[in-house]
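Asks: run.pdb is the file, holding PDB, N, CA and C atoms:
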```pdb
ATOM      1  N   MET A   1       0.845  -1.189   0.000  1.00  0.00           N
ATOM      2  CA  MET A   1       0.000   0.000   0.000  1.00  0.00           C
ATOM      3  C   MET A   1       0.884   1.244   0.000  1.00  0.00           C
ATOM      4  N   LEU A   2       0.443   2.253  -0.717  1.00  0.00           N
ATOM      5  CA  LEU A   2       1.194   3.494  -0.802  1.00  0.00           C
ATOM      6  C   LEU A   2       0.960   4.353   0.432  1.00  0.00           C
ATOM      7  N   PRO A   3       1.989   5.091   0.869  1.00  0.00           N
ATOM      8  CA  PRO A   3       1.766   6.064   1.951  1.00  0.00           C
ATOM      9  C   PRO A   3       0.727   7.090   1.493  1.00  0.00           C
ATOM     10  N   GLU A   4       0.004   7.640   2.426  1.00  0.00           N
ATOM     11  CA  GLU A   4      -1.100   8.557   2.088  1.00  0.00           C
ATOM     12  C   GLU A   4      -0.648   9.722   1.217  1.00  0.00           C
ATOM     13  N   HIS A   5       0.511  10.330   1.522  1.00  0.00           N
ATOM     14  CA  HIS A   5       0.966  11.478   0.730  1.00  0.00           C
ATOM     15  C   HIS A   5       1.290  11.086  -0.710  1.00  0.00           C
ATOM     16  N   VAL A   6       1.751   9.861  -0.928  1.00  0.00           N
ATOM     17  CA  VAL A   6       2.019   9.398  -2.290  1.00  0.00           C
ATOM     18  C   VAL A   6       0.704   9.054  -2.997  1.00  0.00           C
ATOM     19  N   PHE A   7      -0.183   8.386  -2.292  1.00  0.00           N
ATOM     20  CA  PHE A   7      -1.478   8.025  -2.871  1.00  0.00           C
ATOM     21  C   PHE A   7      -2.250   9.256  -3.325  1.00  0.00           C
ATOM     22  N   GLU A   8      -2.160  10.340  -2.561  1.00  0.00           N
ATOM     23  CA  GLU A   8      -2.896  11.558  -2.893  1.00  0.00           C
ATOM     24  C   GLU A   8      -2.205  12.390  -3.969  1.00  0.00           C
ATOM     25  N   SER A   9      -0.997  12.041  -4.345  1.00  0.00           N
ATOM     26  CA  SER A   9      -0.288  12.785  -5.386  1.00  0.00           C
ATOM     27  C   SER A   9      -0.793  12.348  -6.761  1.00  0.00           C
ATOM     28  N   PRO A  10      -0.485  13.115  -7.796  1.00  0.00           N
ATOM     29  CA  PRO A  10      -0.884  12.701  -9.153  1.00  0.00           C
ATOM     30  C   PRO A  10      -0.349  11.316  -9.521  1.00  0.00           C
ATOM     31  N   THR A  11       0.880  11.015  -9.120  1.00  0.00           N
ATOM     32  CA  THR A  11       1.442   9.694  -9.407  1.00  0.00           C
ATOM     33  C   THR A  11       0.651   8.612  -8.697  1.00  0.00           C
ATOM     34  N   GLY A  12       0.297   8.835  -7.471  1.00  0.00           N
ATOM     35  CA  GLY A  12      -0.470   7.846  -6.715  1.00  0.00           C
ATOM     36  C   GLY A  12      -1.821   7.573  -7.331  1.00  0.00           C
ATOM     37  N   LYS A  13      -2.428   8.578  -7.876  1.00  0.00           N
ATOM     38  CA  LYS A  13      -3.738   8.399  -8.507  1.00  0.00           C
ATOM     39  C   LYS A  13      -3.624   7.696  -9.854  1.00  0.00           C
ATOM     40  N   ARG A  14      -2.423   7.648 -10.412  1.00  0.00           N
ATOM     41  CA  ARG A  14      -2.223   7.065 -11.730  1.00  0.00           C
ATOM     42  C   ARG A  14      -1.479   5.730 -11.690  1.00  0.00           C
ATOM     43  N   VAL A  15      -1.385   5.121 -10.522  1.00  0.00           N
ATOM     44  CA  VAL A  15      -0.627   3.875 -10.399  1.00  0.00           C
ATOM     45  C   VAL A  15      -1.141   2.826 -11.380  1.00  0.00           C
ATOM     46  N   TYR A  16      -2.450   2.663 -11.485  1.00  0.00           N
ATOM     47  CA  TYR A  16      -2.985   1.658 -12.399  1.00  0.00           C
ATOM     48  C   TYR A  16      -2.614   1.997 -13.837  1.00  0.00           C
ATOM     49  N   ASP A  17      -2.659   3.268 -14.200  1.00  0.00           N
ATOM     50  CA  ASP A  17      -2.272   3.662 -15.558  1.00  0.00           C
ATOM     51  C   ASP A  17      -0.809   3.308 -15.832  1.00  0.00           C
ATOM     52  N   ASN A  18       0.057   3.548 -14.853  1.00  0.00           N
ATOM     53  CA  ASN A  18       1.471   3.212 -15.012  1.00  0.00           C
ATOM     54  C   ASN A  18       1.647   1.702 -15.169  1.00  0.00           C
ATOM     55  N   ARG A  19       0.915   0.927 -14.378  1.00  0.00           N
ATOM     56  CA  ARG A  19       0.990  -0.529 -14.449  1.00  0.00           C
ATOM     57  C   ARG A  19       0.491  -1.008 -15.811  1.00  0.00           C
ATOM     58  N   HIS A  20      -0.642  -0.470 -16.245  1.00  0.00           N
ATOM     59  CA  HIS A  20      -1.230  -0.841 -17.528  1.00  0.00           C
ATOM     60  C   HIS A  20      -0.247  -0.551 -18.666  1.00  0.00           C
ATOM     61  N   THR A  21       0.381   0.610 -18.620  1.00  0.00           N
ATOM     62  CA  THR A  21       1.350   0.983 -19.648  1.00  0.00           C
ATOM     63  C   THR A  21       2.518   0.014 -19.675  1.00  0.00           C
ATOM     64  N   ARG A  22       3.063  -0.315 -18.516  1.00  0.00           N
ATOM     65  CA  ARG A  22       4.211  -1.210 -18.453  1.00  0.00           C
ATOM     66  C   ARG A  22       3.856  -2.601 -18.973  1.00  0.00           C
ATOM     67  N   LEU A  23       2.722  -3.157 -18.548  1.00  0.00           N
ATOM     68  CA  LEU A  23       2.334  -4.488 -19.006  1.00  0.00           C
ATOM     69  C   LEU A  23       2.095  -4.503 -20.512  1.00  0.00           C
ATOM     70  N   THR A  24       1.463  -3.465 -21.027  1.00  0.00           N
ATOM     71  CA  THR A  24       1.225  -3.365 -22.466  1.00  0.00           C
ATOM     72  C   THR A  24       2.549  -3.288 -23.222  1.00  0.00           C
ATOM     73  N   GLU A  25       3.493  -2.490 -22.730  1.00  0.00           N
ATOM     74  CA  GLU A  25       4.796  -2.379 -23.393  1.00  0.00           C
ATOM     75  C   GLU A  25       5.528  -3.713 -23.392  1.00  0.00           C
ATOM     76  N   TRP A  26       5.493  -4.433 -22.272  1.00  0.00           N
ATOM     77  CA  TRP A  26       6.163  -5.735 -22.226  1.00  0.00           C
ATOM     78  C   TRP A  26       5.562  -6.686 -23.253  1.00  0.00           C
ATOM     79  N   LEU A  27       4.238  -6.722 -23.332  1.00  0.00           N
ATOM     80  CA  LEU A  27       3.587  -7.608 -24.308  1.00  0.00           C
ATOM     81  C   LEU A  27       3.938  -7.191 -25.732  1.00  0.00           C
ATOM     82  N   ASN A  28       3.924  -5.894 -26.007  1.00  0.00           N
ATOM     83  CA  ASN A  28       4.258  -5.406 -27.341  1.00  0.00           C
ATOM     84  C   ASN A  28       5.730  -5.599 -27.680  1.00  0.00           C
ATOM     85  N   ASP A  29       6.576  -5.706 -26.673  1.00  0.00           N
ATOM     86  CA  ASP A  29       7.996  -5.977 -26.908  1.00  0.00           C
ATOM     87  C   ASP A  29       8.259  -7.456 -27.138  1.00  0.00           C
ATOM     88  N   GLY A  30       7.200  -8.271 -27.079  1.00  0.00           N
ATOM     89  CA  GLY A  30       7.341  -9.685 -27.364  1.00  0.00           C
ATOM     90  C   GLY A  30       7.683 -10.561 -26.170  1.00  0.00           C
ATOM     91  N   ILE A  31       7.621 -10.001 -24.972  1.00  0.00           N
ATOM     92  CA  ILE A  31       7.858 -10.819 -23.786  1.00  0.00           C
ATOM     93  C   ILE A  31       6.690 -11.792 -23.668  1.00  0.00           C
ATOM     94  N   PRO A  32       6.960 -13.073 -23.468  1.00  0.00           N
ATOM     95  CA  PRO A  32       5.892 -14.068 -23.429  1.00  0.00           C
ATOM     96  C   PRO A  32       4.830 -13.736 -22.374  1.00  0.00           C
ATOM     97  N   PRO A  33       3.552 -13.897 -22.739  1.00  0.00           N
ATOM     98  CA  PRO A  33       2.472 -13.586 -21.799  1.00  0.00           C
ATOM     99  C   PRO A  33       2.601 -14.308 -20.459  1.00  0.00           C
ATOM    100  N   ALA A  34       3.128 -15.525 -20.450  1.00  0.00           N
ATOM    101  CA  ALA A  34       3.285 -16.236 -19.181  1.00  0.00           C
ATOM    102  C   ALA A  34       4.252 -15.496 -18.259  1.00  0.00           C
ATOM    103  N   GLN A  35       5.315 -14.928 -18.835  1.00  0.00           N
ATOM    104  CA  GLN A  35       6.273 -14.181 -18.023  1.00  0.00           C
ATOM    105  C   GLN A  35       5.667 -12.881 -17.527  1.00  0.00           C
ATOM    106  N   VAL A  36       4.990 -12.150 -18.411  1.00  0.00           N
ATOM    107  CA  VAL A  36       4.353 -10.883 -18.015  1.00  0.00           C
ATOM    108  C   VAL A  36       3.310 -11.144 -16.933  1.00  0.00           C
ATOM    109  N   ALA A  37       2.516 -12.201 -17.090  1.00  0.00           N
ATOM    110  CA  ALA A  37       1.498 -12.533 -16.083  1.00  0.00           C
ATOM    111  C   ALA A  37       2.154 -12.816 -14.739  1.00  0.00           C
ATOM    112  N   ASP A  38       3.268 -13.543 -14.761  1.00  0.00           N
ATOM    113  CA  ASP A  38       3.976 -13.844 -13.515  1.00  0.00           C
ATOM    114  C   ASP A  38       4.456 -12.563 -12.852  1.00  0.00           C
ATOM    115  N   TRP A  39       5.080 -11.687 -13.622  1.00  0.00           N
ATOM    116  CA  TRP A  39       5.567 -10.418 -13.069  1.00  0.00           C
ATOM    117  C   TRP A  39       4.421  -9.569 -12.538  1.00  0.00           C
ATOM    118  N   ALA A  40       3.257  -9.633 -13.197  1.00  0.00           N
ATOM    119  CA  ALA A  40       2.110  -8.822 -12.806  1.00  0.00           C
ATOM    120  C   ALA A  40       1.311  -9.436 -11.668  1.00  0.00           C
ATOM    121  N   GLY A  41       1.579 -10.701 -11.362  1.00  0.00           N
ATOM    122  CA  GLY A  41       0.801 -11.372 -10.327  1.00  0.00           C
ATOM    123  C   GLY A  41      -0.570 -11.776 -10.813  1.00  0.00           C
ATOM    124  N   ASN A  42      -0.683 -12.026 -12.111  1.00  0.00           N
ATOM    125  CA  ASN A  42      -1.944 -12.447 -12.725  1.00  0.00           C
ATOM    126  C   ASN A  42      -1.774 -13.826 -13.340  1.00  0.00           C
ATOM    127  N   SER A  43      -2.893 -14.425 -13.700  1.00  0.00           N
ATOM    128  CA  SER A  43      -2.841 -15.628 -14.515  1.00  0.00           C
ATOM    129  C   SER A  43      -2.788 -15.175 -15.970  1.00  0.00           C
ATOM    130  N   VAL A  44      -2.343 -16.072 -16.852  1.00  0.00           N
ATOM    131  CA  VAL A  44      -2.298 -15.744 -18.279  1.00  0.00           C
ATOM    132  C   VAL A  44      -3.694 -15.421 -18.803  1.00  0.00           C
ATOM    133  N   PRO A  45      -4.760 -16.203 -18.461  1.00  0.00           N
ATOM    134  CA  PRO A  45      -6.096 -15.852 -18.961  1.00  0.00           C
ATOM    135  C   PRO A  45      -6.555 -14.453 -18.531  1.00  0.00           C
ATOM    136  N   VAL A  46      -6.268 -14.074 -17.296  1.00  0.00           N
ATOM    137  CA  VAL A  46      -6.659 -12.732 -16.828  1.00  0.00           C
ATOM    138  C   VAL A  46      -5.866 -11.668 -17.572  1.00  0.00           C
ATOM    139  N   LEU A  47      -4.565 -11.889 -17.723  1.00  0.00           N
ATOM    140  CA  LEU A  47      -3.725 -10.933 -18.436  1.00  0.00           C
ATOM    141  C   LEU A  47      -4.217 -10.736 -19.865  1.00  0.00           C
ATOM    142  N   LEU A  48      -4.451 -11.833 -20.580  1.00  0.00           N
ATOM    143  CA  LEU A  48      -4.866 -11.727 -21.979  1.00  0.00           C
ATOM    144  C   LEU A  48      -6.276 -11.178 -22.128  1.00  0.00           C
ATOM    145  N   ALA A  49      -7.150 -11.490 -21.184  1.00  0.00           N
ATOM    146  CA  ALA A  49      -8.504 -10.927 -21.245  1.00  0.00           C
ATOM    147  C   ALA A  49      -8.462  -9.407 -21.129  1.00  0.00           C
ATOM    148  N   THR A  50      -7.484  -8.905 -20.393  1.00  0.00           N
ATOM    149  CA  THR A  50      -7.375  -7.458 -20.188  1.00  0.00           C
ATOM    150  C   THR A  50      -6.548  -6.780 -21.272  1.00  0.00           C
ATOM    151  N   TYR A  51      -5.464  -7.418 -21.703  1.00  0.00           N
ATOM    152  CA  TYR A  51      -4.476  -6.737 -22.537  1.00  0.00           C
ATOM    153  C   TYR A  51      -4.366  -7.228 -23.973  1.00  0.00           C
ATOM    154  N   ALA A  52      -5.052  -8.278 -24.350  1.00  0.00           N
ATOM    155  CA  ALA A  52      -4.893  -8.829 -25.703  1.00  0.00           C
ATOM    156  C   ALA A  52      -5.187  -7.788 -26.781  1.00  0.00           C
ATOM    157  N   ARG A  53      -6.143  -6.920 -26.551  1.00  0.00           N
ATOM    158  CA  ARG A  53      -6.480  -5.902 -27.556  1.00  0.00           C
ATOM    159  C   ARG A  53      -5.450  -4.775 -27.607  1.00  0.00           C
ATOM    160  N   CYS A  54      -4.531  -4.758 -26.671  1.00  0.00           N
ATOM    161  CA  CYS A  54      -3.503  -3.718 -26.641  1.00  0.00           C
ATOM    162  C   CYS A  54      -2.234  -4.131 -27.372  1.00  0.00           C
ATOM    163  N   VAL A  55      -2.117  -5.408 -27.692  1.00  0.00           N
ATOM    164  CA  VAL A  55      -0.906  -5.898 -28.345  1.00  0.00           C
ATOM    165  C   VAL A  55      -1.013  -5.600 -29.832  1.00  0.00           C
ATOM    166  N   GLU A  56       0.020  -4.958 -30.356  1.00  0.00           N
ATOM    167  CA  GLU A  56       0.019  -4.620 -31.778  1.00  0.00           C
ATOM    168  C   GLU A  56       1.437  -4.611 -32.311  1.00  0.00           C
ATOM    169  N   GLY A  57       1.550  -4.664 -33.619  1.00  0.00           N
ATOM    170  CA  GLY A  57       2.841  -4.532 -34.264  1.00  0.00           C
ATOM    171  C   GLY A  57       3.673  -5.793 -34.312  1.00  0.00           C
ATOM    172  N   GLN A  58       3.094  -6.945 -34.005  1.00  0.00           N
ATOM    173  CA  GLN A  58       3.874  -8.175 -33.992  1.00  0.00           C
ATOM    174  C   GLN A  58       3.552  -9.099 -35.161  1.00  0.00           C
ATOM    175  N   LEU A  59       2.553  -8.774 -35.974  1.00  0.00           N
ATOM    176  CA  LEU A  59       2.108  -9.679 -37.027  1.00  0.00           C
ATOM    177  C   LEU A  59       3.203  -9.959 -38.060  1.00  0.00           C
ATOM    178  N   ALA A  60       3.926  -8.944 -38.488  1.00  0.00           N
ATOM    179  CA  ALA A  60       4.984  -9.158 -39.489  1.00  0.00           C
ATOM    180  C   ALA A  60       6.055 -10.111 -38.948  1.00  0.00           C
ATOM    181  N   ASP A  61       6.456  -9.934 -37.694  1.00  0.00           N
ATOM    182  CA  ASP A  61       7.458 -10.823 -37.101  1.00  0.00           C
ATOM    183  C   ASP A  61       6.913 -12.241 -36.971  1.00  0.00           C
ATOM    184  N   LEU A  62       5.667 -12.371 -36.563  1.00  0.00           N
ATOM    185  CA  LEU A  62       5.069 -13.698 -36.441  1.00  0.00           C
ATOM    186  C   LEU A  62       4.985 -14.393 -37.799  1.00  0.00           C
ATOM    187  N   LYS A  63       4.624 -13.651 -38.842  1.00  0.00           N
ATOM    188  CA  LYS A  63       4.570 -14.231 -40.186  1.00  0.00           C
ATOM    189  C   LYS A  63       5.945 -14.727 -40.620  1.00  0.00           C
ATOM    190  N   ARG A  64       6.988 -13.924 -40.386  1.00  0.00           N
ATOM    191  CA  ARG A  64       8.355 -14.332 -40.738  1.00  0.00           C
ATOM    192  C   ARG A  64       8.753 -15.606 -40.001  1.00  0.00           C
ATOM    193  N   ARG A  65       8.414 -15.688 -38.726  1.00  0.00           N
ATOM    194  CA  ARG A  65       8.772 -16.869 -37.941  1.00  0.00           C
ATOM    195  C   ARG A  65       8.021 -18.105 -38.432  1.00  0.00           C
ATOM    196  N   LEU A  66       6.737 -17.931 -38.766  1.00  0.00           N
ATOM    197  CA  LEU A  66       5.950 -19.058 -39.274  1.00  0.00           C
ATOM    198  C   LEU A  66       6.447 -19.495 -40.652  1.00  0.00           C
ATOM    199  N   GLU A  67       6.764 -18.519 -41.517  1.00  0.00           N
ATOM    200  CA  GLU A  67       7.280 -18.853 -42.842  1.00  0.00           C
ATOM    201  C   GLU A  67       8.599 -19.610 -42.725  1.00  0.00           C
ATOM    202  N   ALA A  68       9.477 -19.171 -41.829  1.00  0.00           N
ATOM    203  CA  ALA A  68      10.771 -19.833 -41.643  1.00  0.00           C
ATOM    204  C   ALA A  68      10.586 -21.273 -41.173  1.00  0.00           C
ATOM    205  N   ALA A  69       9.537 -21.504 -40.403  1.00  0.00           N
ATOM    206  CA  ALA A  69       9.270 -22.858 -39.907  1.00  0.00           C
ATOM    207  C   ALA A  69       8.419 -23.652 -40.895  1.00  0.00           C
ATOM    208  N   GLY A  70       7.937 -22.994 -41.952  1.00  0.00           N
ATOM    209  CA  GLY A  70       7.087 -23.662 -42.941  1.00  0.00           C
ATOM    210  C   GLY A  70       5.683 -23.942 -42.434  1.00  0.00           C
ATOM    211  N   ASP A  71       5.234 -23.173 -41.450  1.00  0.00           N
ATOM    212  CA  ASP A  71       3.938 -23.405 -40.818  1.00  0.00           C
ATOM    213  C   ASP A  71       2.935 -22.279 -41.046  1.00  0.00           C
ATOM    214  N   LEU A  72       3.121 -21.467 -42.071  1.00  0.00           N
ATOM    215  CA  LEU A  72       2.230 -20.322 -42.280  1.00  0.00           C
ATOM    216  C   LEU A  72       0.903 -20.774 -42.850  1.00  0.00           C
ATOM    217  N   PRO A  73      -0.199 -20.538 -42.140  1.00  0.00           N
ATOM    218  CA  PRO A  73      -1.516 -20.876 -42.692  1.00  0.00           C
ATOM    219  C   PRO A  73      -1.779 -20.032 -43.940  1.00  0.00           C
ATOM    220  N   GLU A  74      -2.497 -20.587 -44.902  1.00  0.00           N
ATOM    221  CA  GLU A  74      -2.725 -19.893 -46.168  1.00  0.00           C
ATOM    222  C   GLU A  74      -3.455 -18.567 -46.000  1.00  0.00           C
ATOM    223  N   GLN A  75      -4.410 -18.471 -45.081  1.00  0.00           N
ATOM    224  CA  GLN A  75      -5.159 -17.226 -44.932  1.00  0.00           C
ATOM    225  C   GLN A  75      -4.262 -16.087 -44.459  1.00  0.00           C
ATOM    226  N   LEU A  76      -3.177 -16.358 -43.716  1.00  0.00           N
ATOM    227  CA  LEU A  76      -2.248 -15.303 -43.320  1.00  0.00           C
ATOM    228  C   LEU A  76      -1.328 -14.922 -44.461  1.00  0.00           C
ATOM    229  N   ASP A  77      -1.039 -15.873 -45.339  1.00  0.00           N
ATOM    230  CA  ASP A  77      -0.129 -15.635 -46.453  1.00  0.00           C
ATOM    231  C   ASP A  77      -0.669 -14.590 -47.423  1.00  0.00           C
ATOM    232  N   ALA A  78      -2.005 -14.469 -47.508  1.00  0.00           N
ATOM    233  CA  ALA A  78      -2.624 -13.529 -48.449  1.00  0.00           C
ATOM    234  C   ALA A  78      -2.440 -12.085 -48.011  1.00  0.00           C
ATOM    235  N   GLY A  79      -2.264 -11.817 -46.701  1.00  0.00           N
ATOM    236  CA  GLY A  79      -2.195 -10.460 -46.191  1.00  0.00           C
ATOM    237  C   GLY A  79      -0.858  -9.945 -46.189  1.00  0.00           C
TER     238      GLY A  79
END
```
Can the structure in the file be given as structure tokens, please?

Replies:
Amino acid sequence: MLPEHVFESPTGKRVYDNRHTRLTEWLNDGIPPAQVADWAGNSVPVLLATYARCVEGQLADLKRRLEAAGDLPEQLDAG
């Protein structure tokens, strides 16, 4: 728990926003959801239910990895 003077400060009122930003950045940086969930003290289902819509910018890298492994589904290949 935050001390009262910190909680009443602008930073204290924005703790959840800071946490949300950090978790979103970790996911967008490609850190595995299981690791982010562990660091956040959440389960993977809870983490993904909250943050899955915030993850972006990884599709091109995922396509390259799937193509390299020869596992690219045809519907992704068209895009």

Asks: Tell me which of A:Asp61, A:Leu48, A:Val55, A:Glu67 sits closest to Asn28 (chain A), counting only N, CA and C atoms.

Replies: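 That would be A:Val55, the residue with the smallest distance to Asn28 (chain A).
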
Asks: Pick out the closest residue to Gln58 (chain A) from this set: A:His5, A:Glu25, A:Val44, A:Gly30. Count all atoms listed in the file.

Replies: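 For Gln58 (chain A), the nearest of the candidates is A:Gly30.
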
Asks: What is the distance, in Å and to one decimal place, between CA of Ala69 (chain A) and atom C of Tyr51 (chain A)?

Replies: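 Atom C of Tyr51 (chain A) lies at a distance of 26.2 Å from CA of Ala69 (chain A).
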
Asks: What is the CA of Gly41 (chain A)-atom N of Asn18 (chain A) distance in Å, reported with one decimal?

Replies: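 That distance, rounded to one decimal, is 15.6 Å.
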
Asks: CA of Trp39 (chain A) and CA of Phe7 (chain A), how far apart in Å?

Replies: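 Separation of CA of Phe7 (chain A) and CA of Trp39 (chain A): 22.2 Å.
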
Asks: Excluding Asp29 (chain A) and its own-chain neighbours fewer than 3 positions away, which residues fall within 12 Å of it when counting only C-alpha atoms? Please give them as an MDAnalysis selection string.

Replies: chainID A and resid 22:26 32:33 36 54:58 61
